[in-house]
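Novice: My structure is in query-v3.cif, and what it holds is mmCIF, N, CA and C atoms:
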data_target
loop_
_atom_site.group_PDB
_atom_site.id
_atom_site.type_symbol
_atom_site.label_atom_id
_atom_site.label_comp_id
_atom_site.auth_asym_id
_atom_site.auth_seq_id
_atom_site.Cartn_x
_atom_site.Cartn_y
_atom_site.Cartn_z
ATOM 1 N N MET B 1 124.095 191.461 261.882
ATOM 2 C CA MET B 1 122.961 190.716 262.375
ATOM 3 C C MET B 1 122.916 190.688 263.898
ATOM 4 N N ASP B 2 123.919 191.262 264.513
ATOM 5 C CA ASP B 2 123.964 191.307 265.969
ATOM 6 C C ASP B 2 122.878 192.248 266.497
ATOM 7 N N PRO B 3 122.023 191.765 267.409
ATOM 8 C CA PRO B 3 120.917 192.607 267.906
ATOM 9 C C PRO B 3 121.380 193.929 268.512
ATOM 10 N N GLU B 4 122.458 193.911 269.255
ATOM 11 C CA GLU B 4 122.942 195.143 269.877
ATOM 12 C C GLU B 4 123.356 196.170 268.828
ATOM 13 N N PHE B 5 124.047 195.716 267.794
ATOM 14 C CA PHE B 5 124.474 196.611 266.710
ATOM 15 C C PHE B 5 123.267 197.142 265.948
ATOM 16 N N ARG B 6 122.287 196.259 265.658
ATOM 17 C CA ARG B 6 121.076 196.666 264.937
ATOM 18 C C ARG B 6 120.292 197.722 265.719
ATOM 19 N N SER B 7 120.150 197.512 267.028
ATOM 20 C CA SER B 7 119.337 198.433 267.833
ATOM 21 C C SER B 7 120.035 199.756 268.115
ATOM 22 N N SER B 8 121.368 199.783 268.006
ATOM 23 C CA SER B 8 122.116 201.001 268.317
ATOM 24 C C SER B 8 122.018 202.066 267.234
ATOM 25 N N GLY B 9 121.523 201.676 266.058
ATOM 26 C CA GLY B 9 121.506 202.602 264.939
ATOM 27 C C GLY B 9 122.799 202.556 264.144
ATOM 28 N N GLY B 10 123.785 201.813 264.645
ATOM 29 C CA GLY B 10 125.067 201.699 263.966
ATOM 30 C C GLY B 10 124.979 200.998 262.628
ATOM 31 N N ALA B 11 124.013 200.111 262.476
ATOM 32 C CA ALA B 11 123.886 199.367 261.220
ATOM 33 C C ALA B 11 123.587 200.299 260.055
ATOM 34 N N ALA B 12 122.968 201.420 260.306
ATOM 35 C CA ALA B 12 122.661 202.372 259.229
ATOM 36 C C ALA B 12 123.941 202.887 258.570
ATOM 37 N N ARG B 13 125.055 202.885 259.294
ATOM 38 C CA ARG B 13 126.336 203.319 258.716
ATOM 39 C C ARG B 13 126.801 202.362 257.623
ATOM 40 N N LEU B 14 126.271 201.139 257.633
ATOM 41 C CA LEU B 14 126.651 200.152 256.623
ATOM 42 C C LEU B 14 125.762 200.206 255.390
ATOM 43 N N LEU B 15 124.776 201.089 255.399
ATOM 44 C CA LEU B 15 123.877 201.222 254.246
ATOM 45 C C LEU B 15 124.345 202.361 253.351
ATOM 46 N N ASP B 16 124.368 202.093 252.059
ATOM 47 C CA ASP B 16 124.710 203.101 251.072
ATOM 48 C C ASP B 16 123.598 204.163 251.043
ATOM 49 N N PRO B 17 123.908 205.436 250.822
ATOM 50 C CA PRO B 17 122.859 206.460 250.739
ATOM 51 C C PRO B 17 121.809 206.160 249.663
ATOM 52 N N GLU B 18 122.160 205.356 248.659
ATOM 53 C CA GLU B 18 121.209 204.981 247.604
ATOM 54 C C GLU B 18 120.611 203.590 247.846
ATOM 55 N N PHE B 19 120.718 203.106 249.065
ATOM 56 C CA PHE B 19 120.250 201.766 249.443
ATOM 57 C C PHE B 19 118.779 201.546 249.097
ATOM 58 N N VAL B 20 118.480 200.317 248.643
ATOM 59 C CA VAL B 20 117.110 199.869 248.391
ATOM 60 C C VAL B 20 117.025 198.421 248.860
ATOM 61 N N GLU B 21 115.937 198.081 249.508
ATOM 62 C CA GLU B 21 115.662 196.697 249.877
ATOM 63 C C GLU B 21 114.285 196.313 249.395
ATOM 64 N N VAL B 22 114.179 195.093 248.899
ATOM 65 C CA VAL B 22 112.877 194.491 248.639
ATOM 66 C C VAL B 22 112.741 193.395 249.679
ATOM 67 N N GLY B 23 111.865 193.615 250.648
ATOM 68 C CA GLY B 23 111.692 192.671 251.737
ATOM 69 C C GLY B 23 110.915 191.442 251.311
ATOM 70 N N ALA B 24 110.918 190.441 252.181
ATOM 71 C CA ALA B 24 110.208 189.193 251.908
ATOM 72 C C ALA B 24 108.713 189.432 251.689
ATOM 73 N N SER B 25 108.202 190.516 252.244
ATOM 74 C CA SER B 25 106.788 190.862 252.073
ATOM 75 C C SER B 25 106.507 191.494 250.714
ATOM 76 N N GLY B 26 107.577 191.884 250.013
ATOM 77 C CA GLY B 26 107.426 192.599 248.750
ATOM 78 C C GLY B 26 107.539 194.103 248.922
ATOM 79 N N ARG B 27 107.589 194.549 250.174
ATOM 80 C CA ARG B 27 107.703 195.983 250.436
ATOM 81 C C ARG B 27 109.088 196.481 250.021
ATOM 82 N N ARG B 28 109.125 197.671 249.456
ATOM 83 C CA ARG B 28 110.367 198.322 249.060
ATOM 84 C C ARG B 28 110.750 199.328 250.135
ATOM 85 N N TYR B 29 111.998 199.258 250.587
ATOM 86 C CA TYR B 29 112.516 200.173 251.605
ATOM 87 C C TYR B 29 113.614 201.032 250.992
ATOM 88 N N THR B 30 113.648 202.291 251.373
ATOM 89 C CA THR B 30 114.728 203.187 250.975
ATOM 90 C C THR B 30 115.724 203.308 252.139
ATOM 91 N N TYR B 31 116.814 203.986 251.896
ATOM 92 C CA TYR B 31 117.801 204.238 252.946
ATOM 93 C C TYR B 31 117.143 204.928 254.150
ATOM 94 N N GLU B 32 116.371 205.954 253.879
ATOM 95 C CA GLU B 32 115.754 206.715 254.960
ATOM 96 C C GLU B 32 114.806 205.841 255.785
ATOM 97 N N GLU B 33 113.987 205.044 255.098
ATOM 98 C CA GLU B 33 113.038 204.180 255.800
ATOM 99 C C GLU B 33 113.753 203.125 256.631
ATOM 100 N N MET B 34 114.745 202.474 256.045
ATOM 101 C CA MET B 34 115.441 201.419 256.766
ATOM 102 C C MET B 34 116.246 201.978 257.926
ATOM 103 N N SER B 35 116.894 203.107 257.733
ATOM 104 C CA SER B 35 117.660 203.725 258.821
ATOM 105 C C SER B 35 116.769 204.036 260.010
ATOM 106 N N ALA B 36 115.560 204.513 259.743
ATOM 107 C CA ALA B 36 114.628 204.864 260.812
ATOM 108 C C ALA B 36 114.018 203.627 261.474
ATOM 109 N N GLU B 37 113.743 202.580 260.697
ATOM 110 C CA GLU B 37 113.021 201.421 261.213
ATOM 111 C C GLU B 37 113.899 200.310 261.770
ATOM 112 N N LEU B 38 115.133 200.208 261.324
ATOM 113 C CA LEU B 38 115.973 199.073 261.698
ATOM 114 C C LEU B 38 116.127 198.875 263.207
ATOM 115 N N PRO B 39 116.351 199.922 264.005
ATOM 116 C CA PRO B 39 116.518 199.680 265.440
ATOM 117 C C PRO B 39 115.306 199.025 266.106
ATOM 118 N N GLY B 40 114.120 199.172 265.545
ATOM 119 C CA GLY B 40 112.920 198.589 266.139
ATOM 120 C C GLY B 40 112.430 197.325 265.461
ATOM 121 N N LYS B 41 113.118 196.903 264.408
ATOM 122 C CA LYS B 41 112.687 195.710 263.673
ATOM 123 C C LYS B 41 112.969 194.445 264.481
ATOM 124 N N PRO B 42 112.220 193.375 264.222
ATOM 125 C CA PRO B 42 112.508 192.098 264.881
ATOM 126 C C PRO B 42 113.967 191.700 264.649
ATOM 127 N N GLY B 43 114.575 191.135 265.679
ATOM 128 C CA GLY B 43 115.980 190.765 265.610
ATOM 129 C C GLY B 43 116.899 191.834 266.170
ATOM 130 N N SER B 44 116.303 192.897 266.731
ATOM 131 C CA SER B 44 117.099 194.011 267.242
ATOM 132 C C SER B 44 117.070 194.131 268.756
ATOM 133 N N THR B 45 116.610 193.076 269.446
ATOM 134 C CA THR B 45 116.615 193.103 270.909
ATOM 135 C C THR B 45 117.450 191.940 271.437
ATOM 136 N N ALA B 46 118.177 192.199 272.501
ATOM 137 C CA ALA B 46 119.080 191.190 273.058
ATOM 138 C C ALA B 46 118.338 189.956 273.557
ATOM 139 N N ASP B 47 117.121 190.119 274.021
ATOM 140 C CA ASP B 47 116.390 188.982 274.590
ATOM 141 C C ASP B 47 115.416 188.333 273.609
ATOM 142 N N GLY B 48 115.423 188.772 272.364
ATOM 143 C CA GLY B 48 114.523 188.211 271.352
ATOM 144 C C GLY B 48 115.242 187.242 270.437
ATOM 145 N N PRO B 49 114.553 186.775 269.409
ATOM 146 C CA PRO B 49 115.188 185.858 268.452
ATOM 147 C C PRO B 49 116.319 186.547 267.697
ATOM 148 N N ARG B 50 117.265 185.734 267.238
ATOM 149 C CA ARG B 50 118.431 186.245 266.513
ATOM 150 C C ARG B 50 118.451 185.664 265.108
ATOM 151 N N TYR B 51 118.998 186.422 264.179
ATOM 152 C CA TYR B 51 119.256 185.908 262.837
ATOM 153 C C TYR B 51 120.461 184.975 262.916
ATOM 154 N N GLU B 52 120.319 183.789 262.341
ATOM 155 C CA GLU B 52 121.416 182.826 262.285
ATOM 156 C C GLU B 52 121.800 182.654 260.815
ATOM 157 N N PRO B 53 122.894 183.271 260.381
ATOM 158 C CA PRO B 53 123.298 183.178 258.969
ATOM 159 C C PRO B 53 124.080 181.899 258.674
ATOM 160 N N SER B 54 124.001 181.451 257.422
ATOM 161 C CA SER B 54 124.783 180.296 256.970
ATOM 162 C C SER B 54 124.966 180.382 255.465
ATOM 163 N N ALA B 55 125.812 179.498 254.938
ATOM 164 C CA ALA B 55 126.051 179.377 253.492
ATOM 165 C C ALA B 55 126.381 180.722 252.853
ATOM 166 N N ILE B 56 127.274 181.478 253.488
ATOM 167 C CA ILE B 56 127.642 182.805 252.994
ATOM 168 C C ILE B 56 128.645 182.678 251.846
ATOM 169 N N THR B 57 128.315 183.303 250.719
ATOM 170 C CA THR B 57 129.181 183.279 249.543
ATOM 171 C C THR B 57 129.253 184.680 248.954
ATOM 172 N N GLY B 58 130.446 185.087 248.572
ATOM 173 C CA GLY B 58 130.621 186.379 247.938
ATOM 174 C C GLY B 58 131.321 186.242 246.600
ATOM 175 N N VAL B 59 130.908 187.057 245.641
ATOM 176 C CA VAL B 59 131.512 187.072 244.312
ATOM 177 C C VAL B 59 131.809 188.525 243.939
ATOM 178 N N VAL B 60 133.035 188.786 243.547
ATOM 179 C CA VAL B 60 133.411 190.120 243.085
ATOM 180 C C VAL B 60 132.883 190.275 241.664
ATOM 181 N N LEU B 61 131.973 191.235 241.467
ATOM 182 C CA LEU B 61 131.407 191.490 240.143
ATOM 183 C C LEU B 61 132.222 192.494 239.348
ATOM 184 N N ALA B 62 132.838 193.417 240.051
ATOM 185 C CA ALA B 62 133.668 194.460 239.442
ATOM 186 C C ALA B 62 134.453 195.105 240.580
ATOM 187 N N PRO B 63 135.490 195.873 240.272
ATOM 188 C CA PRO B 63 136.182 196.565 241.365
ATOM 189 C C PRO B 63 135.194 197.412 242.168
ATOM 190 N N GLY B 64 135.168 197.192 243.469
ATOM 191 C CA GLY B 64 134.275 197.953 244.331
ATOM 192 C C GLY B 64 132.843 197.467 244.341
ATOM 193 N N LEU B 65 132.564 196.259 243.821
ATOM 194 C CA LEU B 65 131.193 195.732 243.803
ATOM 195 C C LEU B 65 131.218 194.230 244.076
ATOM 196 N N VAL B 66 130.558 193.815 245.169
ATOM 197 C CA VAL B 66 130.509 192.412 245.572
ATOM 198 C C VAL B 66 129.060 191.982 245.724
ATOM 199 N N HIS B 67 128.756 190.777 245.217
ATOM 200 C CA HIS B 67 127.433 190.168 245.386
ATOM 201 C C HIS B 67 127.558 189.124 246.494
ATOM 202 N N LEU B 68 126.794 189.286 247.546
ATOM 203 C CA LEU B 68 126.815 188.386 248.695
ATOM 204 C C LEU B 68 125.502 187.618 248.747
ATOM 205 N N THR B 69 125.571 186.296 248.888
ATOM 206 C CA THR B 69 124.369 185.491 249.080
ATOM 207 C C THR B 69 124.537 184.681 250.358
ATOM 208 N N PHE B 70 123.425 184.445 251.041
ATOM 209 C CA PHE B 70 123.461 183.670 252.275
ATOM 210 C C PHE B 70 122.046 183.264 252.648
ATOM 211 N N GLU B 71 121.945 182.405 253.639
ATOM 212 C CA GLU B 71 120.649 182.002 254.174
ATOM 213 C C GLU B 71 120.586 182.401 255.633
ATOM 214 N N THR B 72 119.381 182.657 256.092
ATOM 215 C CA THR B 72 119.190 182.935 257.512
ATOM 216 C C THR B 72 118.031 182.100 258.046
ATOM 217 N N VAL B 73 118.128 181.814 259.328
ATOM 218 C CA VAL B 73 116.992 181.267 260.069
ATOM 219 C C VAL B 73 116.709 182.293 261.152
ATOM 220 N N PHE B 74 115.449 182.695 261.240
ATOM 221 C CA PHE B 74 115.039 183.686 262.237
ATOM 222 C C PHE B 74 113.703 183.260 262.811
ATOM 223 N N ASP B 75 113.694 182.973 264.088
ATOM 224 C CA ASP B 75 112.462 182.589 264.777
ATOM 225 C C ASP B 75 111.765 181.421 264.061
ATOM 226 N N GLY B 76 112.578 180.466 263.582
ATOM 227 C CA GLY B 76 112.045 179.288 262.913
ATOM 228 C C GLY B 76 111.753 179.455 261.435
ATOM 229 N N HIS B 77 111.959 180.635 260.887
ATOM 230 C CA HIS B 77 111.679 180.897 259.472
ATOM 231 C C HIS B 77 112.998 181.034 258.702
ATOM 232 N N ARG B 78 113.083 180.338 257.571
ATOM 233 C CA ARG B 78 114.288 180.356 256.749
ATOM 234 C C ARG B 78 114.093 181.278 255.548
ATOM 235 N N SER B 79 115.143 182.013 255.205
ATOM 236 C CA SER B 79 115.127 182.902 254.037
ATOM 237 C C SER B 79 116.436 182.780 253.289
ATOM 238 N N ARG B 80 116.358 182.971 251.985
ATOM 239 C CA ARG B 80 117.546 183.135 251.157
ATOM 240 C C ARG B 80 117.702 184.626 250.916
ATOM 241 N N ARG B 81 118.928 185.092 251.010
ATOM 242 C CA ARG B 81 119.178 186.528 250.932
ATOM 243 C C ARG B 81 120.266 186.838 249.919
ATOM 244 N N SER B 82 120.144 188.006 249.319
ATOM 245 C CA SER B 82 121.092 188.459 248.315
ATOM 246 C C SER B 82 121.323 189.947 248.523
ATOM 247 N N SER B 83 122.579 190.345 248.519
ATOM 248 C CA SER B 83 122.859 191.768 248.665
ATOM 249 C C SER B 83 124.040 192.169 247.790
ATOM 250 N N LEU B 84 124.014 193.420 247.378
ATOM 251 C CA LEU B 84 125.122 194.016 246.636
ATOM 252 C C LEU B 84 125.795 195.025 247.554
ATOM 253 N N TRP B 85 127.104 194.897 247.664
ATOM 254 C CA TRP B 85 127.899 195.809 248.477
ATOM 255 C C TRP B 85 128.832 196.572 247.551
ATOM 256 N N ARG B 86 128.917 197.882 247.758
ATOM 257 C CA ARG B 86 129.834 198.658 246.929
ATOM 258 C C ARG B 86 130.721 199.533 247.807
ATOM 259 N N LYS B 87 131.885 199.778 247.259
ATOM 260 C CA LYS B 87 132.879 200.614 247.935
ATOM 261 C C LYS B 87 133.219 201.761 247.005
ATOM 262 N N ARG B 88 132.790 202.943 247.383
ATOM 263 C CA ARG B 88 133.048 204.120 246.553
ATOM 264 C C ARG B 88 134.422 204.705 246.816
ATOM 265 N N ASP B 89 134.856 204.690 248.092
ATOM 266 C CA ASP B 89 136.164 205.233 248.441
ATOM 267 C C ASP B 89 136.605 204.656 249.781
ATOM 268 N N GLU B 90 137.830 204.943 250.154
ATOM 269 C CA GLU B 90 138.377 204.419 251.410
ATOM 270 C C GLU B 90 137.699 205.033 252.632
ATOM 271 N N GLU B 91 137.266 206.264 252.504
ATOM 272 C CA GLU B 91 136.655 206.950 253.649
ATOM 273 C C GLU B 91 135.335 206.302 254.066
ATOM 274 N N THR B 92 134.464 206.007 253.113
ATOM 275 C CA THR B 92 133.160 205.425 253.454
ATOM 276 C C THR B 92 133.222 203.911 253.569
ATOM 277 N N GLY B 93 134.172 203.273 252.879
ATOM 278 C CA GLY B 93 134.305 201.817 252.956
ATOM 279 C C GLY B 93 133.149 201.096 252.272
ATOM 280 N N TRP B 94 132.987 199.828 252.626
ATOM 281 C CA TRP B 94 131.955 198.991 252.025
ATOM 282 C C TRP B 94 130.594 199.296 252.630
ATOM 283 N N ARG B 95 129.595 199.441 251.751
ATOM 284 C CA ARG B 95 128.221 199.696 252.194
ATOM 285 C C ARG B 95 127.253 198.874 251.350
ATOM 286 N N MET B 96 126.165 198.455 251.988
ATOM 287 C CA MET B 96 125.157 197.677 251.281
ATOM 288 C C MET B 96 124.327 198.601 250.403
ATOM 289 N N TYR B 97 124.325 198.290 249.106
ATOM 290 C CA TYR B 97 123.614 199.082 248.111
ATOM 291 C C TYR B 97 122.211 198.522 247.842
ATOM 292 N N TYR B 98 122.084 197.197 247.865
ATOM 293 C CA TYR B 98 120.798 196.547 247.562
ATOM 294 C C TYR B 98 120.694 195.264 248.383
ATOM 295 N N HIS B 99 119.483 194.951 248.823
ATOM 296 C CA HIS B 99 119.256 193.715 249.564
ATOM 297 C C HIS B 99 117.872 193.167 249.236
ATOM 298 N N GLN B 100 117.801 191.841 249.149
ATOM 299 C CA GLN B 100 116.505 191.185 248.948
ATOM 300 C C GLN B 100 116.487 189.900 249.750
ATOM 301 N N GLY B 101 115.371 189.651 250.424
ATOM 302 C CA GLY B 101 115.171 188.420 251.172
ATOM 303 C C GLY B 101 113.966 187.669 250.596
ATOM 304 N N THR B 102 114.133 186.358 250.432
ATOM 305 C CA THR B 102 113.061 185.523 249.888
ATOM 306 C C THR B 102 112.781 184.395 250.874
ATOM 307 N N PRO B 103 111.549 184.298 251.361
ATOM 308 C CA PRO B 103 111.246 183.215 252.306
ATOM 309 C C PRO B 103 111.370 181.850 251.635
ATOM 310 N N VAL B 104 111.819 180.870 252.405
ATOM 311 C CA VAL B 104 111.888 179.493 251.942
ATOM 312 C C VAL B 104 110.802 178.730 252.689
ATOM 313 N N ARG B 105 109.853 178.251 251.955
ATOM 314 C CA ARG B 105 108.743 177.529 252.567
ATOM 315 C C ARG B 105 109.157 176.108 252.917
ATOM 316 N N ALA B 106 108.672 175.625 254.039
ATOM 317 C CA ALA B 106 108.952 174.240 254.440
ATOM 318 C C ALA B 106 108.246 173.292 253.487
ATOM 319 N N PRO B 107 108.898 172.153 253.190
ATOM 320 C CA PRO B 107 108.276 171.199 252.245
ATOM 321 C C PRO B 107 107.023 170.557 252.803
#
Represent the structure contained in this file as structure tokens.
Specialist:
Amino acid sequence: MDPEFRSSGGAARLLDPEFVEVGASGRRYTYEEMSAELPGKPGSTADGPRYEPSAITGVVLAPGLVHLTFETVFDGHRSRRSSLWRKRDEETGWRMYYHQGTPVRAP
């Protein structure tokens, strides 16, 4: 979530080649789309708003598969997030396989 890391293109190394995201807008992103767009997405500039994560919880679903849930606040907007991380081998390490963000509306 660090803006410098996001803008450098380094975050794409953490995405699985079969990565899929369903964004808060309902749009579906593939690995190729997210890798290309992430450096320019909101939250990727040092002088702009930052993602503030909280309530991070992880559950091991199977060897090499972890379900991570957390909340973020970004520019005053709160979201609940869920991602699946998998580890295929020691060389590639842990990579995000699936991610979904759901906006939380203010009461």
Novice: Using the file's own x, y and z axes, what box holds all listed atoms of stretch 2-18 of chain B with 5 Å on each side, keeping edges along x, y and z, and what are its centre and edge lengths in Å to one decimal, as lines of an AutoDock Vina configuration file?
Specialist:
center_x = 123.1
center_y = 198.9
center_z = 258.7
size_x = 17.5
size_y = 25.2
size_z = 32.3
Novice: Starting from the PyMOL selection byres (((chain B and resi 53 and name CA) around 9) and name CA), expand the selection into actual residues of this file and give them as a PyMOL selection string.
Specialist: chain B and resi 1+51-52+54-56+70-74
Novice: Kindly assemble as JSON lines a list of the stretch 62-82 of chain B residues that lie within 12 Å of stretch 22-46 of chain B, each paired with its nearest atom pair and their distance in Å to one decimal, using only C-alpha atoms, sorted first by chain and then by ascending residue number.
Specialist:
{"residue": "B:Thr72", "atom": "CA", "partner": "B:Gly43", "partner_atom": "CA", "distance": 11.7}
{"residue": "B:Val73", "atom": "CA", "partner": "B:Gly43", "partner_atom": "CA", "distance": 11.0}
{"residue": "B:Phe74", "atom": "CA", "partner": "B:Gly43", "partner_atom": "CA", "distance": 7.9}
{"residue": "B:Asp75", "atom": "CA", "partner": "B:Gly43", "partner_atom": "CA", "distance": 8.9}
{"residue": "B:His77", "atom": "CA", "partner": "B:Ala24", "partner_atom": "CA", "distance": 11.3}
{"residue": "B:Arg78", "atom": "CA", "partner": "B:Ala24", "partner_atom": "CA", "distance": 10.9}
{"residue": "B:Ser79", "atom": "CA", "partner": "B:Ala24", "partner_atom": "CA", "distance": 8.3}
{"residue": "B:Arg80", "atom": "CA", "partner": "B:Ala24", "partner_atom": "CA", "distance": 9.5}
{"residue": "B:Arg81", "atom": "CA", "partner": "B:Ala24", "partner_atom": "CA", "distance": 9.4}
{"residue": "B:Ser82", "atom": "CA", "partner": "B:Val22", "partner_atom": "CA", "distance": 10.2}
Novice: Write the residues of the selection above to a file with N, CA and C atoms, as a PDB file, in the frame of the given file.
Specialist:
ATOM      1  N   THR B  72     119.381 182.657 256.092  1.00  0.00           N
ATOM      2  CA  THR B  72     119.190 182.935 257.512  1.00  0.00           C
ATOM      3  C   THR B  72     118.031 182.100 258.046  1.00  0.00           C
ATOM      4  N   VAL B  73     118.128 181.814 259.328  1.00  0.00           N
ATOM      5  CA  VAL B  73     116.992 181.267 260.069  1.00  0.00           C
ATOM      6  C   VAL B  73     116.709 182.293 261.152  1.00  0.00           C
ATOM      7  N   PHE B  74     115.449 182.695 261.240  1.00  0.00           N
ATOM      8  CA  PHE B  74     115.039 183.686 262.237  1.00  0.00           C
ATOM      9  C   PHE B  74     113.703 183.260 262.811  1.00  0.00           C
ATOM     10  N   ASP B  75     113.694 182.973 264.088  1.00  0.00           N
ATOM     11  CA  ASP B  75     112.462 182.589 264.777  1.00  0.00           C
ATOM     12  C   ASP B  75     111.765 181.421 264.061  1.00  0.00           C
ATOM     13  N   HIS B  77     111.959 180.635 260.887  1.00  0.00           N
ATOM     14  CA  HIS B  77     111.679 180.897 259.472  1.00  0.00           C
ATOM     15  C   HIS B  77     112.998 181.034 258.702  1.00  0.00           C
ATOM     16  N   ARG B  78     113.083 180.338 257.571  1.00  0.00           N
ATOM     17  CA  ARG B  78     114.288 180.356 256.749  1.00  0.00           C
ATOM     18  C   ARG B  78     114.093 181.278 255.548  1.00  0.00           C
ATOM     19  N   SER B  79     115.143 182.013 255.205  1.00  0.00           N
ATOM     20  CA  SER B  79     115.127 182.902 254.037  1.00  0.00           C
ATOM     21  C   SER B  79     116.436 182.780 253.289  1.00  0.00           C
ATOM     22  N   ARG B  80     116.358 182.971 251.985  1.00  0.00           N
ATOM     23  CA  ARG B  80     117.546 183.135 251.157  1.00  0.00           C
ATOM     24  C   ARG B  80     117.702 184.626 250.916  1.00  0.00           C
ATOM     25  N   ARG B  81     118.928 185.092 251.010  1.00  0.00           N
ATOM     26  CA  ARG B  81     119.178 186.528 250.932  1.00  0.00           C
ATOM     27  C   ARG B  81     120.266 186.838 249.919  1.00  0.00           C
ATOM     28  N   SER B  82     120.144 188.006 249.319  1.00  0.00           N
ATOM     29  CA  SER B  82     121.092 188.459 248.315  1.00  0.00           C
ATOM     30  C   SER B  82     121.323 189.947 248.523  1.00  0.00           C
TER      31      SER B  82
END
Novice: Using only N, CA and C atoms, determine which residues lie at most 6 Å from stretch 60-68 of chain B, disregarding the query and same-chain residues fewer than 2 positions distant; provide the list as a VMD selection string.
Specialist: chain B and resid 57 to 58 70 81 to 87
Novice: Please, could you write that set of residues out with N, CA and C atoms as a PDB file, keeping the file's coordinate frame?
Specialist:
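Everything below was put into again10.pdb:
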ATOM      1  N   THR B  57     128.315 183.303 250.719  1.00  0.00           N
ATOM      2  CA  THR B  57     129.181 183.279 249.543  1.00  0.00           C
ATOM      3  C   THR B  57     129.253 184.680 248.954  1.00  0.00           C
ATOM      4  N   GLY B  58     130.446 185.087 248.572  1.00  0.00           N
ATOM      5  CA  GLY B  58     130.621 186.379 247.938  1.00  0.00           C
ATOM      6  C   GLY B  58     131.321 186.242 246.600  1.00  0.00           C
ATOM      7  N   PHE B  70     123.425 184.445 251.041  1.00  0.00           N
ATOM      8  CA  PHE B  70     123.461 183.670 252.275  1.00  0.00           C
ATOM      9  C   PHE B  70     122.046 183.264 252.648  1.00  0.00           C
ATOM     10  N   ARG B  81     118.928 185.092 251.010  1.00  0.00           N
ATOM     11  CA  ARG B  81     119.178 186.528 250.932  1.00  0.00           C
ATOM     12  C   ARG B  81     120.266 186.838 249.919  1.00  0.00           C
ATOM     13  N   SER B  82     120.144 188.006 249.319  1.00  0.00           N
ATOM     14  CA  SER B  82     121.092 188.459 248.315  1.00  0.00           C
ATOM     15  C   SER B  82     121.323 189.947 248.523  1.00  0.00           C
ATOM     16  N   SER B  83     122.579 190.345 248.519  1.00  0.00           N
ATOM     17  CA  SER B  83     122.859 191.768 248.665  1.00  0.00           C
ATOM     18  C   SER B  83     124.040 192.169 247.790  1.00  0.00           C
ATOM     19  N   LEU B  84     124.014 193.420 247.378  1.00  0.00           N
ATOM     20  CA  LEU B  84     125.122 194.016 246.636  1.00  0.00           C
ATOM     21  C   LEU B  84     125.795 195.025 247.554  1.00  0.00           C
ATOM     22  N   TRP B  85     127.104 194.897 247.664  1.00  0.00           N
ATOM     23  CA  TRP B  85     127.899 195.809 248.477  1.00  0.00           C
ATOM     24  C   TRP B  85     128.832 196.572 247.551  1.00  0.00           C
ATOM     25  N   ARG B  86     128.917 197.882 247.758  1.00  0.00           N
ATOM     26  CA  ARG B  86     129.834 198.658 246.929  1.00  0.00           C
ATOM     27  C   ARG B  86     130.721 199.533 247.807  1.00  0.00           C
ATOM     28  N   LYS B  87     131.885 199.778 247.259  1.00  0.00           N
ATOM     29  CA  LYS B  87     132.879 200.614 247.935  1.00  0.00           C
ATOM     30  C   LYS B  87     133.219 201.761 247.005  1.00  0.00           C
TER      31      LYS B  87
END
Novice: In terms of the shortest atom-to-atom distance over only N, CA and C atoms, which of B:Asp89, B:Gly48, B:Arg6, B:Glu21 is closest to B:Gly101?
Specialist: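 Closest candidate: B:Glu21.
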Novice: Determine, counting only N, CA and C atoms, which protein, DNA and RNA residues have an atom within 5 Å of an atom of B:Leu15; residues of the same chain fewer than 2 positions away are not included. Present the result as a PyMOL selection string.
Specialist: chain B and resi 11-13+17+95-96
Novice: Taking only chain B into account, list the residues labelled helix (DSSP H, G or I) by DSSP (computed from the backbone), as number ranges by chain.
Specialist: B: 3-8, 10-14, 31-40
Novice: Using the chain letters and numbers from this document, which residues of stretch 3-95 of chain B does DSSP assign to strand (DSSP E), as an MDAnalysis selection string?
Specialist: chainID B and resid 15:22 28:30 52:62 65:74 77:87 94:95
